[in-house]
Amino acid sequence: MKTLSTVRFGIIGAGQISGYAADSILRHPHAKLIAAQDLNPERLQALKDKYKLPVTYATAKELFADANIDAVYIATPNKFHVPLAKLALEAGKHVILEKPFAMNAQEAEEAIALAKKVGCVLTLGMNQRFDVNSQQIKSLVEQGVFGEIYHAKAYWMRRAGIPKLGTWFGNMELAGGGSLYDIGVHMLDLCLYTINNYEPVSVVGATYTKFGHRGLGEGGWGMSERSDIKFDVDDFASAFIRFANGATVTLDTTWACHTALGNKDNVEIFGTEGGATLRPARIFRSGKTPEASYEIVDQVKAPLAFPHQDRFHNFINYLRGEEKLCTEISQGLVVQKILDGIAESARTGKEVRLA
C-alpha cells in the first residue's frame, strides 16, 4: 500500500452518525473532508454548510469518481454497505464502513476479496474498541494478567432505545437485523477483540420482537424520515457461542425491554487468574499473598495502544504508515458469521455449527 501524507475523505450518507465522523476527521491535522453524498438534499446541504464542504454529489458513483478523494466513509442503511464499498474499492478508494459489516457473510467475503484484489484498505469503524477502559483491559489481557480466559459476557441493554420508529432501522430488508445488528454487534466485536478469540465453532441464539411493532420503545436516534415502513426486526436478542479452545461467550442485546436501568452495556471477562469489566475498567483477583484479602482494582493503569481514542484517527494514521490498523477486516468477517449463525439458530431453533 502506498502511504499518504494527507488523507482526503468523502462521506456517503448525511445522517446523524456522519456528523460525528466529520468532527473526528477534521480533528486530525493530516486529513481533509472533500465531499459528501446523500439522497436527501436537505440533509446533504446541512452537512455541507456545517462543515464547509467544497462539493456535494447527487450519487455515490459521482463521489467515487472524484480524483481528489483518497478514502470514503460509508454510513447508509445496512443493505447498501457492501454494494457501495465494492463500488468505492473498484474506484481505488480506501474504505471505512459503519457497522454492521454486511447483510451476510457471503457479501462480506466478496468485499474482502475485492479489497485484496485492488490493493485498497477496507476496515470497519468499531468505535467501542478505542474507549480508554476497553484499551486498558485489552492491554492487560495481552500481558496475560487474567490467565486463560474461559468465559465472557457481552451485553448492551436499553429500556427504550429503538432508533426512530417508522424508518429503515426497523426493517429487515434494509437493516438485516435490529438490536443485534445495531448495538449487539458492538459488544460482540469488543468482546472478541478483548479476549482475542476469533475461532467460534457453534452458536445458539434467539431473537424477539415485542415492542417496536407496537410502536413502543423508541429512543429517538436517527434523522431518517418516518414512513409506513414495517418494523420486523428484533428488539431483543440472546446468544451462546462456543469457541475452538473451549471458551464460551454469552451475548444479550435489546433496544427495548422492562429492566431496572435505562441503559447498561459491558463486557465481563472470566480468567483463571482474574476477571474484569470494561464499563468501567475494573479487575477482580485473589490477593497477592495467602493472607491478603480478595482484591478489587477500581483504578486500572495500563498503556493505551491508541491514545487518540478515535477510529478515524487510527484509519488515517494507518494510511499514513504511522500506526497499526485496529480493526482487521478478517475479524469483522468472523463477527458477521456469528451474526448469521444467531439469525439461523433463531429461525430453526437449533444450534448452528460455524466450523
# chains A, B, ... in the order shown; residues from 1 in each chain; ligands from 1
>>> closest_atom_pairs(of="region 92-156 of chain A", to="region 14-22 of chain A", cutoff="12 Å", atoms="only C-alpha atoms", output="CSV")
residue,atom,partner,partner_atom,distance
A:Ile96,CA,A:Ala21,CA,10.6
A:Leu97,CA,A:Ala21,CA,11.1
A:Glu98,CA,A:Ile17,CA,9.0
A:Lys99,CA,A:Ile17,CA,11.1
A:Gly125,CA,A:Ala21,CA,9.7
A:Asn127,CA,A:Ala21,CA,10.6
>>> write_last_selection(atoms="C-alpha atoms", output="PDB file, in the first residue's frame")
ATOM      1  CA  ILE A  96     -14.071   2.632   6.353  1.00  0.00           C
ATOM      2  CA  LEU A  97     -17.545   1.170   6.809  1.00  0.00           C
ATOM      3  CA  GLU A  98     -20.053   1.881   9.529  1.00  0.00           C
ATOM      4  CA  LYS A  99     -21.215  -1.248  11.337  1.00  0.00           C
ATOM      5  CA  GLY A 125     -15.295   1.756  12.250  1.00  0.00           C
ATOM      6  CA  ASN A 127     -15.536   2.788  17.873  1.00  0.00           C
TER       7      ASN A 127
END
>>> residues_around(residues="Pro100 (chain A)", least_positions_apart="4", cutoff="8 Å", atoms="only C-alpha atoms", output="list of chain:residue names")
A:Asn78, A:Tyr181, A:Asp182, A:Val185, A:Gln336
>>> select_by_dssp(residues="region 27-246 of chain A", states="alpha helix (DSSP H)", output="ChimeraX atom specification")
/A:27,41-51,60-64,81-90,105-118,132-142,172-175,179,185-195
>>> closest_atom_pairs(of="region 51-138 of chain A", to="region 144-155 of chain A", cutoff="12 Å", atoms="only C-alpha atoms", output="JSON lines")
{"residue": "A:Gln136", "atom": "CA", "partner": "A:Val145", "partner_atom": "CA", "distance": 11.6}
{"residue": "A:Ile137", "atom": "CA", "partner": "A:Val145", "partner_atom": "CA", "distance": 9.4}
{"residue": "A:Lys138", "atom": "CA", "partner": "A:Gly144", "partner_atom": "CA", "distance": 10.0}
>>> closest_atom_pairs(of="region 50-99 of chain A", to="region 28-45 of chain A", cutoff="10 Å", atoms="only C-alpha atoms", output="CSV")
residue,atom,partner,partner_atom,distance
A:Lys50,CA,A:Gln45,CA,8.5
A:Tyr51,CA,A:Leu33,CA,8.2
A:Lys52,CA,A:Leu33,CA,8.9
A:Leu53,CA,A:Ala35,CA,5.8
A:Pro54,CA,A:Ile34,CA,6.0
A:Val55,CA,A:Ala35,CA,5.1
A:Thr56,CA,A:Ala36,CA,5.0
A:Tyr57,CA,A:Gln37,CA,4.9
A:Ala58,CA,A:Gln37,CA,6.0
A:Thr59,CA,A:Gln37,CA,6.3
A:Ala60,CA,A:Gln37,CA,6.2
A:Lys61,CA,A:Gln37,CA,9.5
A:Glu62,CA,A:Gln37,CA,8.8
A:Leu63,CA,A:Gln37,CA,7.0
A:Phe64,CA,A:Gln37,CA,9.9
A:Asp66,CA,A:Ala35,CA,8.9
A:Asn68,CA,A:Ile34,CA,7.5
A:Ile69,CA,A:Ile34,CA,6.8
A:Asp70,CA,A:Ile34,CA,9.6
A:Ala71,CA,A:Leu33,CA,9.8
A:Val72,CA,A:Ala36,CA,9.2
A:Tyr73,CA,A:Ala36,CA,9.4
A:Ile74,CA,A:Gln37,CA,9.8
A:Ala75,CA,A:Asp38,CA,9.8
A:Thr76,CA,A:Asp38,CA,8.7
>>> write_last_selection(atoms="N, CA and C atoms", output="short mmCIF file (atom, residue, chain, number, x, y, z; two decimals), in the first residue's frame")
data_model
loop_
_atom_site.label_atom_id
_atom_site.label_comp_id
_atom_site.auth_asym_id
_atom_site.auth_seq_id
_atom_site.Cartn_x
_atom_site.Cartn_y
_atom_site.Cartn_z
N LYS A 50 -22.50 23.03 7.42
CA LYS A 50 -21.87 22.94 8.73
C LYS A 50 -20.37 22.74 8.63
N TYR A 51 -19.94 21.92 7.67
CA TYR A 51 -18.52 21.58 7.58
C TYR A 51 -17.82 22.26 6.40
N LYS A 52 -18.54 23.17 5.74
CA LYS A 52 -17.97 23.96 4.65
C LYS A 52 -17.31 23.06 3.60
N LEU A 53 -18.06 22.07 3.17
CA LEU A 53 -17.55 21.13 2.18
C LEU A 53 -17.39 21.80 0.83
N PRO A 54 -16.30 21.52 0.12
CA PRO A 54 -16.11 22.12 -1.21
C PRO A 54 -17.17 21.68 -2.22
N VAL A 55 -17.65 20.43 -2.08
CA VAL A 55 -18.57 19.92 -3.09
C VAL A 55 -19.46 18.83 -2.49
N THR A 56 -20.65 18.68 -3.04
CA THR A 56 -21.51 17.54 -2.73
C THR A 56 -21.93 16.88 -4.04
N TYR A 57 -22.34 15.62 -3.93
CA TYR A 57 -22.72 14.88 -5.14
C TYR A 57 -24.10 14.27 -4.96
N ALA A 58 -24.79 14.14 -6.08
CA ALA A 58 -26.14 13.56 -6.07
C ALA A 58 -26.09 12.03 -5.98
N THR A 59 -25.00 11.43 -6.48
CA THR A 59 -24.88 9.98 -6.47
C THR A 59 -23.52 9.56 -5.91
N ALA A 60 -23.51 8.35 -5.38
CA ALA A 60 -22.25 7.81 -4.84
C ALA A 60 -21.22 7.62 -5.95
N LYS A 61 -21.66 7.19 -7.11
CA LYS A 61 -20.72 6.96 -8.21
C LYS A 61 -19.98 8.24 -8.58
N GLU A 62 -20.68 9.37 -8.53
CA GLU A 62 -20.02 10.64 -8.83
C GLU A 62 -18.95 10.96 -7.80
N LEU A 63 -19.26 10.70 -6.53
CA LEU A 63 -18.27 10.95 -5.49
C LEU A 63 -17.06 10.03 -5.66
N PHE A 64 -17.31 8.76 -5.96
CA PHE A 64 -16.21 7.82 -6.12
C PHE A 64 -15.33 8.18 -7.31
N ASP A 66 -14.39 11.14 -8.07
CA ASP A 66 -13.61 12.34 -7.74
C ASP A 66 -12.17 11.95 -7.44
N ASN A 68 -9.85 13.67 -6.33
CA ASN A 68 -9.32 14.36 -5.15
C ASN A 68 -9.63 13.64 -3.84
N ILE A 69 -10.33 12.52 -3.93
CA ILE A 69 -10.72 11.76 -2.74
C ILE A 69 -9.90 10.48 -2.64
N ASP A 70 -9.29 10.26 -1.48
CA ASP A 70 -8.48 9.08 -1.23
C ASP A 70 -9.26 7.97 -0.52
N ALA A 71 -10.17 8.37 0.37
CA ALA A 71 -10.85 7.40 1.24
C ALA A 71 -12.29 7.82 1.43
N VAL A 72 -13.15 6.85 1.67
CA VAL A 72 -14.56 7.16 1.88
C VAL A 72 -15.07 6.48 3.15
N TYR A 73 -15.95 7.18 3.82
CA TYR A 73 -16.68 6.64 4.97
C TYR A 73 -18.10 6.40 4.51
N ILE A 74 -18.60 5.18 4.71
CA ILE A 74 -19.93 4.80 4.24
C ILE A 74 -20.84 4.58 5.44
N ALA A 75 -21.88 5.40 5.53
CA ALA A 75 -22.83 5.32 6.64
C ALA A 75 -24.24 5.44 6.07
N THR A 76 -24.71 4.33 5.53
CA THR A 76 -26.01 4.26 4.87
C THR A 76 -26.82 3.15 5.53
#
>>> residues_around(residues="region 307-316 of chain A", least_positions_apart="3", cutoff="9 Å", atoms="only C-alpha atoms", output="ChimeraX atom specification")
/A:4,6-7,21,24-25,27-28,30-31,96,123-132,135,303-304,319-327
>>> select_by_dssp(residues="region 213-355 of chain A", states="strand (DSSP E)", output="ChimeraX atom specification")
/A:236-243,248-254,263-271,275-278,281-285,295-297,352-353
>>> atom_distance(atom1="CA of Gly275 (chain A)", atom2="CA of Arg242 (chain A)")
19.0 Å
>>> atom_distance(atom1="CA of Lys117 (chain A)", atom2="CA of Leu84 (chain A)")
16.5 Å
>>> decode(residues="region 104-152 of chain A", atoms="N, CA and C atoms", output="PDB file, in the first residue's frame")
ATOM      1  N   ASN A 104     -24.830 -10.296   5.221  1.00  0.00           N
ATOM      2  CA  ASN A 104     -24.499 -11.697   5.461  1.00  0.00           C
ATOM      3  C   ASN A 104     -23.018 -11.908   5.169  1.00  0.00           C
ATOM      4  N   ALA A 105     -22.512 -13.059   5.564  1.00  0.00           N
ATOM      5  CA  ALA A 105     -21.082 -13.339   5.435  1.00  0.00           C
ATOM      6  C   ALA A 105     -20.634 -13.458   3.979  1.00  0.00           C
ATOM      7  N   GLN A 106     -21.500 -13.961   3.115  1.00  0.00           N
ATOM      8  CA  GLN A 106     -21.132 -14.077   1.699  1.00  0.00           C
ATOM      9  C   GLN A 106     -20.818 -12.713   1.111  1.00  0.00           C
ATOM     10  N   GLU A 107     -21.669 -11.736   1.415  1.00  0.00           N
ATOM     11  CA  GLU A 107     -21.419 -10.357   0.987  1.00  0.00           C
ATOM     12  C   GLU A 107     -20.072  -9.862   1.508  1.00  0.00           C
ATOM     13  N   ALA A 108     -19.840 -10.104   2.792  1.00  0.00           N
ATOM     14  CA  ALA A 108     -18.613  -9.638   3.429  1.00  0.00           C
ATOM     15  C   ALA A 108     -17.388 -10.243   2.758  1.00  0.00           C
ATOM     16  N   GLU A 109     -17.448 -11.528   2.449  1.00  0.00           N
ATOM     17  CA  GLU A 109     -16.322 -12.204   1.804  1.00  0.00           C
ATOM     18  C   GLU A 109     -16.054 -11.625   0.421  1.00  0.00           C
ATOM     19  N   GLU A 110     -17.095 -11.258  -0.303  1.00  0.00           N
ATOM     20  CA  GLU A 110     -16.920 -10.653  -1.624  1.00  0.00           C
ATOM     21  C   GLU A 110     -16.196  -9.313  -1.518  1.00  0.00           C
ATOM     22  N   ALA A 111     -16.553  -8.525  -0.518  1.00  0.00           N
ATOM     23  CA  ALA A 111     -15.910  -7.221  -0.339  1.00  0.00           C
ATOM     24  C   ALA A 111     -14.444  -7.393   0.044  1.00  0.00           C
ATOM     25  N   ILE A 112     -14.158  -8.359   0.905  1.00  0.00           N
ATOM     26  CA  ILE A 112     -12.772  -8.613   1.321  1.00  0.00           C
ATOM     27  C   ILE A 112     -11.924  -9.044   0.128  1.00  0.00           C
ATOM     28  N   ALA A 113     -12.475  -9.923  -0.694  1.00  0.00           N
ATOM     29  CA  ALA A 113     -11.742 -10.400  -1.867  1.00  0.00           C
ATOM     30  C   ALA A 113     -11.446  -9.256  -2.828  1.00  0.00           C
ATOM     31  N   LEU A 114     -12.396  -8.376  -3.006  1.00  0.00           N
ATOM     32  CA  LEU A 114     -12.206  -7.248  -3.913  1.00  0.00           C
ATOM     33  C   LEU A 114     -11.151  -6.282  -3.373  1.00  0.00           C
ATOM     34  N   ALA A 115     -11.193  -6.006  -2.071  1.00  0.00           N
ATOM     35  CA  ALA A 115     -10.200  -5.110  -1.470  1.00  0.00           C
ATOM     36  C   ALA A 115      -8.791  -5.658  -1.669  1.00  0.00           C
ATOM     37  N   LYS A 116      -8.649  -6.966  -1.499  1.00  0.00           N
ATOM     38  CA  LYS A 116      -7.352  -7.601  -1.697  1.00  0.00           C
ATOM     39  C   LYS A 116      -6.918  -7.503  -3.158  1.00  0.00           C
ATOM     40  N   LYS A 117      -7.857  -7.688  -4.059  1.00  0.00           N
ATOM     41  CA  LYS A 117      -7.551  -7.652  -5.494  1.00  0.00           C
ATOM     42  C   LYS A 117      -7.075  -6.274  -5.941  1.00  0.00           C
ATOM     43  N   VAL A 118      -7.750  -5.230  -5.484  1.00  0.00           N
ATOM     44  CA  VAL A 118      -7.416  -3.871  -5.946  1.00  0.00           C
ATOM     45  C   VAL A 118      -6.344  -3.204  -5.095  1.00  0.00           C
ATOM     46  N   GLY A 119      -6.014  -3.805  -3.954  1.00  0.00           N
ATOM     47  CA  GLY A 119      -4.957  -3.255  -3.119  1.00  0.00           C
ATOM     48  C   GLY A 119      -5.355  -2.057  -2.291  1.00  0.00           C
ATOM     49  N   CYS A 120      -6.635  -1.968  -1.949  1.00  0.00           N
ATOM     50  CA  CYS A 120      -7.114  -0.870  -1.108  1.00  0.00           C
ATOM     51  C   CYS A 120      -7.475  -1.389   0.287  1.00  0.00           C
ATOM     52  N   VAL A 121      -7.492  -0.479   1.239  1.00  0.00           N
ATOM     53  CA  VAL A 121      -7.799  -0.832   2.621  1.00  0.00           C
ATOM     54  C   VAL A 121      -9.313  -0.840   2.827  1.00  0.00           C
ATOM     55  N   LEU A 122      -9.802  -1.892   3.456  1.00  0.00           N
ATOM     56  CA  LEU A 122     -11.200  -1.997   3.854  1.00  0.00           C
ATOM     57  C   LEU A 122     -11.224  -2.308   5.334  1.00  0.00           C
ATOM     58  N   THR A 123     -11.908  -1.476   6.104  1.00  0.00           N
ATOM     59  CA  THR A 123     -11.994  -1.702   7.543  1.00  0.00           C
ATOM     60  C   THR A 123     -13.365  -1.274   8.047  1.00  0.00           C
ATOM     61  N   LEU A 124     -13.632  -1.596   9.300  1.00  0.00           N
ATOM     62  CA  LEU A 124     -14.890  -1.231   9.950  1.00  0.00           C
ATOM     63  C   LEU A 124     -14.597  -0.227  11.055  1.00  0.00           C
ATOM     64  N   GLY A 125     -15.490   0.723  11.230  1.00  0.00           N
ATOM     65  CA  GLY A 125     -15.295   1.756  12.250  1.00  0.00           C
ATOM     66  C   GLY A 125     -15.856   1.334  13.595  1.00  0.00           C
ATOM     67  N   MET A 126     -15.216   0.358  14.239  1.00  0.00           N
ATOM     68  CA  MET A 126     -15.721  -0.163  15.513  1.00  0.00           C
ATOM     69  C   MET A 126     -15.230   0.719  16.660  1.00  0.00           C
ATOM     70  N   ASN A 127     -15.998   1.750  16.948  1.00  0.00           N
ATOM     71  CA  ASN A 127     -15.536   2.788  17.873  1.00  0.00           C
ATOM     72  C   ASN A 127     -15.403   2.325  19.314  1.00  0.00           C
ATOM     73  N   GLN A 128     -16.113   1.267  19.716  1.00  0.00           N
ATOM     74  CA  GLN A 128     -16.034   0.830  21.111  1.00  0.00           C
ATOM     75  C   GLN A 128     -14.642   0.304  21.478  1.00  0.00           C
ATOM     76  N   ARG A 129     -13.878  -0.099  20.515  1.00  0.00           N
ATOM     77  CA  ARG A 129     -12.532  -0.595  20.777  1.00  0.00           C
ATOM     78  C   ARG A 129     -11.606   0.513  21.311  1.00  0.00           C
ATOM     79  N   PHE A 130     -11.914   1.751  21.011  1.00  0.00           N
ATOM     80  CA  PHE A 130     -10.994   2.844  21.308  1.00  0.00           C
ATOM     81  C   PHE A 130     -11.258   3.519  22.654  1.00  0.00           C
ATOM     82  N   ASP A 131     -12.322   3.140  23.317  1.00  0.00           N
ATOM     83  CA  ASP A 131     -12.604   3.667  24.647  1.00  0.00           C
ATOM     84  C   ASP A 131     -11.427   3.373  25.576  1.00  0.00           C
ATOM     85  N   VAL A 132     -11.099   4.317  26.460  1.00  0.00           N
ATOM     86  CA  VAL A 132      -9.957   4.162  27.368  1.00  0.00           C
ATOM     87  C   VAL A 132     -10.077   2.887  28.189  1.00  0.00           C
ATOM     88  N   ASN A 133     -11.251   2.645  28.768  1.00  0.00           N
ATOM     89  CA  ASN A 133     -11.460   1.451  29.581  1.00  0.00           C
ATOM     90  C   ASN A 133     -11.215   0.180  28.776  1.00  0.00           C
ATOM     91  N   SER A 134     -11.729   0.160  27.554  1.00  0.00           N
ATOM     92  CA  SER A 134     -11.550  -1.001  26.688  1.00  0.00           C
ATOM     93  C   SER A 134     -10.076  -1.237  26.407  1.00  0.00           C
ATOM     94  N   GLN A 135      -9.365  -0.167  26.094  1.00  0.00           N
ATOM     95  CA  GLN A 135      -7.946  -0.303  25.772  1.00  0.00           C
ATOM     96  C   GLN A 135      -7.134  -0.788  26.977  1.00  0.00           C
ATOM     97  N   GLN A 136      -7.509  -0.328  28.166  1.00  0.00           N
ATOM     98  CA  GLN A 136      -6.773  -0.727  29.357  1.00  0.00           C
ATOM     99  C   GLN A 136      -6.898  -2.231  29.616  1.00  0.00           C
ATOM    100  N   ILE A 137      -8.115  -2.745  29.568  1.00  0.00           N
ATOM    101  CA  ILE A 137      -8.303  -4.175  29.822  1.00  0.00           C
ATOM    102  C   ILE A 137      -7.700  -5.002  28.696  1.00  0.00           C
ATOM    103  N   LYS A 138      -7.836  -4.543  27.458  1.00  0.00           N
ATOM    104  CA  LYS A 138      -7.213  -5.237  26.325  1.00  0.00           C
ATOM    105  C   LYS A 138      -5.711  -5.349  26.541  1.00  0.00           C
ATOM    106  N   SER A 139      -5.079  -4.281  26.992  1.00  0.00           N
ATOM    107  CA  SER A 139      -3.645  -4.275  27.247  1.00  0.00           C
ATOM    108  C   SER A 139      -3.264  -5.308  28.304  1.00  0.00           C
ATOM    109  N   LEU A 140      -4.062  -5.402  29.363  1.00  0.00           N
ATOM    110  CA  LEU A 140      -3.774  -6.349  30.435  1.00  0.00           C
ATOM    111  C   LEU A 140      -4.004  -7.790  29.991  1.00  0.00           C
ATOM    112  N   VAL A 141      -5.005  -8.007  29.125  1.00  0.00           N
ATOM    113  CA  VAL A 141      -5.209  -9.340  28.555  1.00  0.00           C
ATOM    114  C   VAL A 141      -3.969  -9.762  27.772  1.00  0.00           C
ATOM    115  N   GLU A 142      -3.437  -8.855  26.978  1.00  0.00           N
ATOM    116  CA  GLU A 142      -2.254  -9.159  26.171  1.00  0.00           C
ATOM    117  C   GLU A 142      -1.045  -9.464  27.050  1.00  0.00           C
ATOM    118  N   GLN A 143      -1.009  -8.878  28.242  1.00  0.00           N
ATOM    119  CA  GLN A 143       0.082  -9.142  29.177  1.00  0.00           C
ATOM    120  C   GLN A 143      -0.100 -10.464  29.928  1.00  0.00           C
ATOM    121  N   GLY A 144      -1.252 -11.101  29.777  1.00  0.00           N
ATOM    122  CA  GLY A 144      -1.507 -12.366  30.444  1.00  0.00           C
ATOM    123  C   GLY A 144      -1.965 -12.232  31.878  1.00  0.00           C
ATOM    124  N   VAL A 145      -2.402 -11.041  32.269  1.00  0.00           N
ATOM    125  CA  VAL A 145      -2.795 -10.784  33.657  1.00  0.00           C
ATOM    126  C   VAL A 145      -3.920 -11.698  34.117  1.00  0.00           C
ATOM    127  N   PHE A 146      -4.838 -12.049  33.224  1.00  0.00           N
ATOM    128  CA  PHE A 146      -6.020 -12.811  33.628  1.00  0.00           C
ATOM    129  C   PHE A 146      -5.886 -14.310  33.401  1.00  0.00           C
ATOM    130  N   GLY A 147      -4.731 -14.734  32.917  1.00  0.00           N
ATOM    131  CA  GLY A 147      -4.547 -16.156  32.650  1.00  0.00           C
ATOM    132  C   GLY A 147      -5.370 -16.600  31.454  1.00  0.00           C
ATOM    133  N   GLU A 148      -5.848 -17.828  31.531  1.00  0.00           N
ATOM    134  CA  GLU A 148      -6.705 -18.352  30.464  1.00  0.00           C
ATOM    135  C   GLU A 148      -8.106 -17.762  30.607  1.00  0.00           C
ATOM    136  N   ILE A 149      -8.578 -17.087  29.564  1.00  0.00           N
ATOM    137  CA  ILE A 149      -9.937 -16.542  29.591  1.00  0.00           C
ATOM    138  C   ILE A 149     -10.877 -17.604  29.029  1.00  0.00           C
ATOM    139  N   TYR A 150     -11.699 -18.149  29.912  1.00  0.00           N
ATOM    140  CA  TYR A 150     -12.547 -19.274  29.518  1.00  0.00           C
ATOM    141  C   TYR A 150     -14.011 -18.879  29.289  1.00  0.00           C
ATOM    142  N   HIS A 151     -14.397 -17.674  29.739  1.00  0.00           N
ATOM    143  CA  HIS A 151     -15.768 -17.223  29.505  1.00  0.00           C
ATOM    144  C   HIS A 151     -15.818 -15.698  29.497  1.00  0.00           C
ATOM    145  N   ALA A 152     -16.776 -15.167  28.745  1.00  0.00           N
ATOM    146  CA  ALA A 152     -17.011 -13.719  28.733  1.00  0.00           C
ATOM    147  C   ALA A 152     -18.489 -13.460  28.512  1.00  0.00           C
TER     148      ALA A 152
END
